[in-house]
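Written out below as structure tokens is the structure these notes cover.
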Amino acid sequence: MANYSPKITTAQIKMIQTVRRSAGIDDDVYSEMKKSVGVSSTTELDQRRFQELLRRISKLQKNASRRRSQQETGSRQPYKKVHSSAYKSGMHLAPAEDKALMLSKIEAILTDLSLPWSYADATAKRMFGVDLLRWCDETQTYKVLQALAVYQKRKAGKMEEAAFYIKELRSDGCQCGGRKKSGQSLCYGCYKKLPADLAKALWRKLGNGYEQAYDRAVAWLTGEE
């Protein structure tokens with residue numbers, strides 16, 4: 001019975017509800033916070049889990065108070081929300097000072113990739129088993145930032161590659177030096193020279209095998225395959 005922890009009282013249930021509303025924590029975020037301590041309902045909390053949940057809520061409450069103070073004095077916020085997903089991820093609240101710069105950089109990456117905060121949350125969940133990015137410590141937040149930065153660079157490389165093939169499709173010049181119709185991969189003469197399987201492959205969509213098909217077709221026509 002050494003691990004036994006009694007259930008919380010009705011007064012404590014009312015207290016934690018008051019504290020979380022004061023911190024500006026909506027139902028969705030609060031639900032995730034409860035799950036993080038192993039319960040689905042406030043009434044399921046024992047004293048140990050109650051103290052842990054209260055600690056997390058109190059920390060968010062302090063950040064919310066700091067944010068209100070900054071707004072009243074006209075201070076610039078470390079970062080601003082960019083999409084509605086900020087609420088579900090708890091990112092509408094001011095970040096801890098030790099993570100503010102990193103979260104600002106993460107926000108910039110998400111904006112560049114048109115991704116919601118939930119993508120960063122999923123990354124934190126996959127890497128550390130933490131449901132929300134804002135619950136990560138400083139080291140974990142830095143590693144999530146690194147992972148997203150690598151993904152951003154990889155994505156940028158693919159976009160540059162795709163731009164080449166789009167340009168080739170839109171141009172009116174064939175790889176042989178002759179003329180072709182814009183929107184077609186090759187001129188009629190080159191296309192008819194291709195084996196049936198290579199010609200058919202050129203009808204694939206960009207990002208779904210077209211790039212490889214075009215490279216193979218050009219290599220075959222120029223004698224490199």
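Going through the structure tokens in order, the chains are called A, B, and so on, while each chain numbers its residues from 1 and the ligands are numbered from 1 in the order shown.
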Practice problem: Apply DSSP to the structure's backbone, then extract all residues of region 9-212 of chain A labelled helix (DSSP H, G or I) and return them as a ChimeraX atom specification. | Solution: /A:10-22,27-36,42-44,47-73,85-88,100-113,117-128,133-135,138-170,188-193,196-201,210-212
Exercise. Would you mind listing what lies within 12 Å of region 9-11 of chain A as a ChimeraX atom specification, with only C-alpha atoms counted and same-chain residues fewer than 3 positions away left out?
Key: /A:6,14-18,42-47,50
Quiz item: Could you pull the residues within 9 Å of region 149-157 of chain A, counting only C-alpha atoms, minus those fewer than 6 positions along the same chain, as a count of residues only?
Solution: 5
Quiz item: Which neighbours of Trp203 (chain A) fall inside 12 Å, counting only C-alpha atoms, when residues of the same chain fewer than 3 positions from it are skipped, and could you give them as a list in words?
Solution: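 Surrounding residues, per the criterion: Leu169, Gly183, Gln184, Ser185, Leu186, Tyr191, Ala196, Asp197, Leu198, Ala199, Lys200, Leu206, Gly207, Asn208, Gly209, Tyr210, Glu211, Gln212, Ala213, Tyr214 and Ala217 of chain A.
Those residues that approach region 39-41 of chain A to within 12 Å, counting only C-alpha atoms, are Ile8, Ile13, Gln17, Asp27, Asp28, Tyr30, Ser31, Glu32, Met33, Lys34, Asp46, Arg48, Arg49, Phe50, Glu52 and Leu53 of chain A; same-chain residues fewer than 5 positions away are not listed.
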With C-alpha atoms kept, could you save the residues just selected as a short mmCIF file (atom, residue, chain, number, x, y, z; two decimals), in the first residue's frame?
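Contents of out-v7.cif, as written:
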```cif
data_model
loop_
_atom_site.label_atom_id
_atom_site.label_comp_id
_atom_site.auth_asym_id
_atom_site.auth_seq_id
_atom_site.Cartn_x
_atom_site.Cartn_y
_atom_site.Cartn_z
CA ILE A 8 -9.05 14.58 -4.11
CA ILE A 13 -11.97 19.80 -7.73
CA GLN A 17 -11.20 24.24 -12.19
CA ASP A 27 -11.36 22.47 -22.48
CA ASP A 28 -9.24 20.89 -25.23
CA TYR A 30 -7.14 20.86 -20.18
CA SER A 31 -8.23 17.49 -21.52
CA GLU A 32 -4.72 16.86 -22.88
CA MET A 33 -3.20 17.95 -19.56
CA LYS A 34 -5.37 15.45 -17.67
CA ASP A 46 -5.68 11.31 -6.58
CA ARG A 48 -0.33 12.87 -6.19
CA ARG A 49 -1.73 13.48 -9.66
CA PHE A 50 -3.62 16.52 -8.38
CA GLU A 52 1.36 17.43 -10.51
CA LEU A 53 -1.55 18.79 -12.57
#
```
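Residue nearest Trp135 (chain A), chosen from A:Gly189, A:Pro95, A:Pro195, A:Gly24 and counting only C-alpha atoms: A:Pro95.
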Quiz item: Which one of A:Asp121, A:Glu138, A:Asp26, A:Glu168 sits closest to Glu97 (chain A) if you count only C-alpha atoms?
Solution: A:Glu138
Quiz item: What is the CA of Tyr142 (chain A)-CA of Lys88 (chain A) distance in Å, reported with one decimal?
Solution: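 CA of Lys88 (chain A) lies at a distance of 21.1 Å from CA of Tyr142 (chain A).
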Practice problem: Can you pull out every residue within 9 Å of Ala120 (chain A), counting only C-alpha atoms, but drop anything in the same chain fewer than 2 positions away, and send it as a list in words? | Solution: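 Neighbouring residues, sequence-local ones excluded: Ile106, Leu110, Leu115, Pro116, Trp117, Ser118, Ala122, Thr123, Ala124, Lys125, Leu132, Leu133, Val144, Leu145 and Leu148 of chain A.
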Practice problem: Please run DSSP on the backbone and report, as a ChimeraX atom specification, all residues within region 6-201 of chain A that come out as strand (DSSP E or B). | Solution: /A:7,46,173,179
Could the residues in this selection be written to a file with N, CA and C atoms, as an mmCIF file, in the first residue's frame?
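Output contents, as saved in part.cif:
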```
data_model
loop_
_atom_site.group_PDB
_atom_site.id
_atom_site.type_symbol
_atom_site.label_atom_id
_atom_site.label_comp_id
_atom_site.auth_asym_id
_atom_site.auth_seq_id
_atom_site.Cartn_x
_atom_site.Cartn_y
_atom_site.Cartn_z
ATOM 1 N N LYS A 7 -8.070 9.953 -3.077
ATOM 2 C CA LYS A 7 -8.731 10.798 -4.059
ATOM 3 C C LYS A 7 -8.822 12.238 -3.555
ATOM 4 N N ASP A 46 -6.023 11.533 -7.977
ATOM 5 C CA ASP A 46 -5.676 11.307 -6.578
ATOM 6 C C ASP A 46 -4.790 12.473 -6.140
ATOM 7 N N GLY A 173 10.628 24.369 -75.501
ATOM 8 C CA GLY A 173 11.838 23.786 -76.067
ATOM 9 C C GLY A 173 12.029 22.350 -75.607
ATOM 10 N N ARG A 179 11.388 22.214 -81.069
ATOM 11 C CA ARG A 179 10.255 22.858 -80.421
ATOM 12 C C ARG A 179 9.242 21.820 -79.954
#
```
Practice problem: Please measure the separation of CA of Ser114 (chain A) and CA of Thr141 (chain A), giving the value in Å to one decimal. | Solution: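 Computing the Euclidean distance for CA of Ser114 (chain A) and CA of Thr141 (chain A) yields 19.9 Å.
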Exercise. Rank nothing, just name the residue among A:Ser36, A:Leu101, A:Leu221, A:Asp215 nearest to Cys187 (chain A), using only C-alpha atoms.
Key: A:Leu221
